[in-house]
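Okay, query_32.tsv is below, TSV, C-alpha atoms:
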```tsv
chain	number	residue	atom	x	y	z
A	1	MET	CA	23.93	60.70	4.94
A	2	TRP	CA	20.75	62.67	4.21
A	3	GLN	CA	21.89	63.24	0.64
A	4	VAL	CA	22.26	59.50	0.08
A	5	LEU	CA	18.82	58.77	1.53
A	6	LYS	CA	17.29	61.57	-0.55
A	7	LYS	CA	18.90	60.17	-3.71
A	8	ILE	CA	17.60	56.65	-2.90
A	9	ALA	CA	14.10	57.99	-2.30
A	10	HIS	CA	14.19	60.06	-5.50
A	11	THR	CA	15.65	57.33	-7.77
A	12	GLY	CA	13.67	54.39	-6.43
A	13	ILE	CA	14.60	50.70	-6.84
A	14	VAL	CA	16.65	50.03	-9.96
A	15	THR	CA	16.74	46.31	-10.76
A	16	GLU	CA	16.02	43.94	-13.59
A	17	ALA	CA	12.66	42.31	-14.08
A	18	TRP	CA	12.17	38.79	-12.72
A	19	PRO	CA	12.88	36.04	-15.28
A	20	GLU	CA	9.90	34.14	-16.61
A	21	PRO	CA	9.52	30.61	-15.16
A	22	ALA	CA	10.46	27.70	-17.41
A	23	LEU	CA	7.10	25.96	-17.69
A	24	GLU	CA	8.25	23.33	-20.22
A	25	TRP	CA	10.39	21.68	-17.53
A	26	ARG	CA	7.40	21.39	-15.18
A	27	THR	CA	5.28	19.54	-17.74
A	28	GLU	CA	8.19	17.23	-18.56
A	29	ALA	CA	8.70	16.56	-14.84
A	30	GLN	CA	5.07	15.58	-14.43
A	31	ALA	CA	5.39	13.21	-17.41
A	32	ILE	CA	8.52	11.65	-15.91
A	33	GLN	CA	6.79	11.11	-12.58
A	34	ALA	CA	3.79	9.51	-14.29
A	35	ASP	CA	6.08	7.23	-16.35
A	36	LEU	CA	8.02	6.11	-13.27
A	37	LEU	CA	4.86	5.24	-11.40
A	38	ALA	CA	3.39	3.44	-14.42
A	39	ILE	CA	6.55	1.41	-15.11
A	40	LEU	CA	7.88	0.71	-11.61
A	41	GLY	CA	4.86	1.36	-9.43
A	42	ARG	CA	7.18	2.85	-6.81
A	43	SER	CA	10.17	5.13	-6.41
A	44	LEU	CA	13.51	4.52	-8.14
A	45	ALA	CA	16.60	4.07	-5.94
A	46	ILE	CA	19.94	5.04	-7.54
A	47	ARG	CA	23.48	4.36	-6.33
A	48	MET	CA	25.93	6.83	-7.86
A	49	VAL	CA	29.50	5.62	-8.38
A	50	ASP	CA	32.39	7.95	-9.23
A	51	ALA	CA	34.81	5.62	-10.98
A	52	GLY	CA	37.52	8.23	-11.48
A	53	SER	CA	35.95	11.34	-12.98
A	54	CYS	CA	36.88	15.03	-12.77
A	55	ASN	CA	33.63	15.71	-10.79
A	56	GLY	CA	32.02	17.70	-13.62
A	57	CYS	CA	29.30	15.05	-14.03
A	58	GLU	CA	28.82	14.81	-10.26
A	59	LEU	CA	28.09	18.54	-10.10
A	60	GLU	CA	25.37	18.10	-12.72
A	61	ILE	CA	23.97	15.02	-10.92
A	62	ASN	CA	23.93	16.95	-7.63
A	63	ALA	CA	22.01	19.71	-9.43
A	64	LEU	CA	19.21	17.18	-9.88
A	65	ASN	CA	18.63	17.38	-6.12
A	66	ASN	CA	18.25	21.17	-6.05
A	67	PRO	CA	14.80	22.82	-5.74
A	68	TYR	CA	14.60	23.51	-9.49
A	69	TYR	CA	14.80	19.86	-10.62
A	70	ASN	CA	13.70	18.24	-7.32
A	71	ILE	CA	13.98	14.65	-8.50
A	72	GLU	CA	13.13	13.37	-5.05
A	73	GLY	CA	9.69	14.87	-5.60
A	74	LEU	CA	9.48	12.83	-8.83
A	75	GLY	CA	10.08	9.59	-6.97
A	76	ILE	CA	13.82	9.23	-7.68
A	77	LYS	CA	16.20	9.03	-4.73
A	78	PHE	CA	19.89	8.37	-4.20
A	79	VAL	CA	20.85	5.61	-1.76
A	80	ALA	CA	24.09	4.91	0.06
A	81	SER	CA	24.19	1.14	-0.47
A	82	PRO	CA	24.11	-0.79	-3.73
A	83	ARG	CA	21.99	-3.41	-1.93
A	84	HIS	CA	19.12	-0.88	-1.83
A	85	ALA	CA	19.58	0.33	-5.42
A	86	ASP	CA	17.64	-0.39	-8.60
A	87	MET	CA	20.14	1.47	-10.79
A	88	LEU	CA	23.83	2.34	-10.87
A	89	LEU	CA	24.74	5.78	-12.19
A	90	VAL	CA	28.45	5.60	-13.07
A	91	THR	CA	30.64	8.57	-13.99
A	92	GLY	CA	34.19	8.87	-15.24
A	93	PRO	CA	36.64	6.53	-16.88
A	94	VAL	CA	37.13	3.53	-14.63
A	95	SER	CA	40.51	3.89	-12.97
A	96	ARG	CA	42.45	0.70	-12.24
A	97	HIS	CA	42.00	1.34	-8.53
A	98	MET	CA	38.18	1.50	-8.93
A	99	GLU	CA	37.82	-1.53	-11.22
A	100	ILE	CA	37.30	-4.11	-8.46
A	101	ALA	CA	35.17	-1.72	-6.36
A	102	LEU	CA	32.88	-1.04	-9.35
A	103	GLN	CA	32.56	-4.75	-10.09
A	104	ARG	CA	31.71	-5.46	-6.44
A	105	THR	CA	29.13	-2.66	-6.43
A	106	TYR	CA	27.56	-4.11	-9.57
A	107	ASP	CA	27.50	-7.59	-8.04
A	108	ALA	CA	25.92	-6.27	-4.82
A	109	THR	CA	23.07	-4.55	-6.68
A	110	PRO	CA	19.99	-6.81	-6.74
A	111	ALA	CA	18.59	-8.01	-10.05
A	112	PRO	CA	17.08	-6.68	-12.23
A	113	LYS	CA	19.70	-3.95	-12.21
A	114	LEU	CA	20.16	-1.05	-14.57
A	115	VAL	CA	23.44	0.72	-15.35
A	116	VAL	CA	23.68	4.23	-16.79
A	117	ALA	CA	27.10	5.56	-17.88
A	118	VAL	CA	27.18	9.36	-17.55
A	119	GLY	CA	29.47	11.71	-19.45
A	120	ASP	CA	31.91	11.22	-22.29
A	121	CYS	CA	34.42	9.54	-19.97
A	122	GLY	CA	31.88	6.97	-18.81
A	123	CYS	CA	30.58	6.35	-22.35
A	124	CYS	CA	33.83	6.07	-24.33
A	125	GLY	CA	36.73	6.78	-21.99
A	126	GLY	CA	36.75	10.45	-22.97
A	127	LEU	CA	39.99	12.35	-22.82
A	128	PHE	CA	41.63	9.66	-20.69
A	129	GLY	CA	40.85	6.55	-22.79
A	130	GLU	CA	42.56	3.31	-21.85
A	131	SER	CA	46.01	3.36	-20.30
A	132	TYR	CA	48.06	1.81	-17.53
A	133	ALA	CA	45.99	3.83	-15.03
A	134	SER	CA	42.55	3.64	-16.67
A	135	CYS	CA	40.30	0.82	-17.88
A	136	GLY	CA	38.50	3.32	-20.11
A	137	LYS	CA	34.73	3.31	-20.53
A	138	VAL	CA	32.40	1.78	-17.96
A	139	SER	CA	31.27	-0.99	-20.33
A	140	ASN	CA	34.83	-2.39	-20.26
A	141	VAL	CA	34.19	-3.38	-16.63
A	142	ILE	CA	30.41	-3.91	-16.23
A	143	PRO	CA	27.49	-4.12	-18.70
A	144	VAL	CA	25.92	-0.73	-19.50
A	145	ASP	CA	22.25	-0.28	-20.41
A	146	VAL	CA	22.18	3.43	-21.34
A	147	SER	CA	24.93	5.95	-22.11
A	148	VAL	CA	24.43	9.70	-21.60
A	149	PRO	CA	27.14	11.55	-23.56
A	150	GLY	CA	28.31	15.09	-22.84
A	151	CYS	CA	31.15	16.75	-21.00
A	152	PRO	CA	29.33	17.13	-18.68
A	153	PRO	CA	25.76	16.35	-19.75
A	154	SER	CA	23.04	18.69	-18.51
A	155	PRO	CA	20.88	17.60	-15.58
A	156	LEU	CA	17.93	17.26	-17.94
A	157	ASP	CA	19.92	14.93	-20.24
A	158	ILE	CA	20.91	12.83	-17.22
A	159	LEU	CA	17.26	12.66	-16.17
A	160	ARG	CA	16.27	11.61	-19.69
A	161	GLY	CA	18.94	8.89	-19.59
A	162	ILE	CA	17.62	7.60	-16.28
A	163	LEU	CA	14.11	7.48	-17.68
A	164	ALA	CA	15.33	5.79	-20.89
A	165	ALA	CA	16.91	3.05	-18.77
A	166	VAL	CA	13.70	2.56	-16.81
A	167	ARG	CA	11.70	2.31	-20.06
A	168	LEU	CA	13.95	-0.45	-21.48
A	169	PRO	CA	12.37	-3.86	-22.08
A	170	PRO	CA	13.45	-6.81	-19.91
A	171	PRO	CA	17.21	-7.61	-20.06
A	172	GLU	CA	16.88	-10.85	-22.02
A	173	SER	CA	15.10	-9.17	-24.95
A	174	ARG	CA	17.25	-6.07	-25.57
A	175	PRO	CA	20.59	-5.11	-27.06
A	176	ARG	CA	23.17	-3.39	-24.84
A	177	ALA	CA	24.22	0.28	-24.63
A	178	ALA	CA	21.41	2.43	-25.93
A	179	GLU	CA	22.67	6.00	-26.31
A	180	VAL	CA	20.66	8.99	-25.12
A	181	GLY	CA	21.32	12.66	-25.69
A	182	PRO	CA	22.24	15.12	-28.40
```

Output the structure of this file as structure tokens.
Amino acid sequence: MWQVLKKIAHTGIVTEAWPEPALEWRTEAQAIQADLLAILGRSLAIRMVDAGSCNGCELEINALNNPYYNIEGLGIKFVASPRHADMLLVTGPVSRHMEIALQRTYDATPAPKLVVAVGDCGCCGGLFGESYASCGKVSNVIPVDVSVPGCPPSPLDILRGILAAVRLPPPESRPRAAEVGP
């Protein structure tokens, strides 16, 4: 036992240096918060709908709530009811079993409503496409304002897609399905 303690005392602490903080994300976060307040004048309420995905996109969306991204601190929050939502964030290809539920969720969201399709499956049907079990992309069921491609897209790309949807002009003066991302 004494030999181990002596070796620890002689060697000291052997670890890696701390990583440098990513300051570019902090400045972008402050810009996003300022844009949200300037455009909406209040916080943004989002209802997330999993229409039949593999949960890859949901993991990235949940990462937005962690202390690193902290979107709640930016004025963006997730709500449990579409009646309280300003935006629908839809992931996955729409399965036949979720088609009516997604349409009802869209109808229950008060106007003006925004819809963001997240991931390759939500944007174009992805690997699953259209079949007897899948309606394909989200825009086959409800109108989509912004698409965020990727399998899965990064949390920062999802956040950029949300902000792109908020920055859109009024519904009557814009074309549908603006695409955001790499």

(request) For A:Gly126, please output as a PyMOL selection string all residues within 9 Å (counting all atoms listed in the file; exclusion window: fewer than 2 positions along the same chain). (result) chain A and resi 92-93+119-124+128-129+136-137+151

(request) Rank A:Ala133, A:Arg167, A:Ala17, A:Pro153 by their smallest atom-to-atom distance to A:Glu60, using all atoms listed in the file, and report the top residue only. (result)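 The answer is A:Pro153, which sits nearest to A:Glu60.
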
Using 10 Å as the limit and counting all atoms listed in the file, can you tabulate each residue of stretch 62-173 of chain A that touches stretch 36-39 of chain A, with its shortest atom-to-atom distance in Å and the two atoms involved, as CSV?
```
residue,atom,partner,partner_atom,distance
A:Leu74,CA,A:Leu36,CA,8.2
A:Gly75,CA,A:Leu36,CA,7.5
A:Ile76,CA,A:Leu36,CA,8.6
A:Leu163,CA,A:Leu36,CA,7.6
A:Val166,CA,A:Ile39,CA,7.4
A:Arg167,CA,A:Ile39,CA,7.2
A:Leu168,CA,A:Ile39,CA,9.9
```

Test item: which residues lie within 6 Å of (23.9, -2.5, -15.9) counting only C-alpha atoms, as a tab-separated table (two decimals) with C-alpha atoms, in the frame of the given file:
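And here is the file that came out, part05.tsv:
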```
chain	number	residue	atom	x	y	z
A	113	LYS	CA	19.70	-3.95	-12.21
A	114	LEU	CA	20.16	-1.05	-14.57
A	115	VAL	CA	23.44	0.72	-15.35
A	143	PRO	CA	27.49	-4.12	-18.70
A	144	VAL	CA	25.92	-0.73	-19.50
A	145	ASP	CA	22.25	-0.28	-20.41
```

(request) Name all residues at most 12 Å from A:Ala108 (count only C-alpha atoms; drop same-chain ones fewer than 6 positions away) and give them as a PyMOL selection string. (result) chain A and resi 47+81-88+101-102

(request) Measuring atom to atom with all atoms listed in the file, identify which of A:Ile46, A:Ala165, A:Leu156, A:Ile8 is nearest to A:Tyr68. (result)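 With all atoms listed in the file as the atom set, the closest residue is A:Leu156.
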
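Atom CA of A:Thr109 sits 28.6 Å away from atom CA of A:Pro67.
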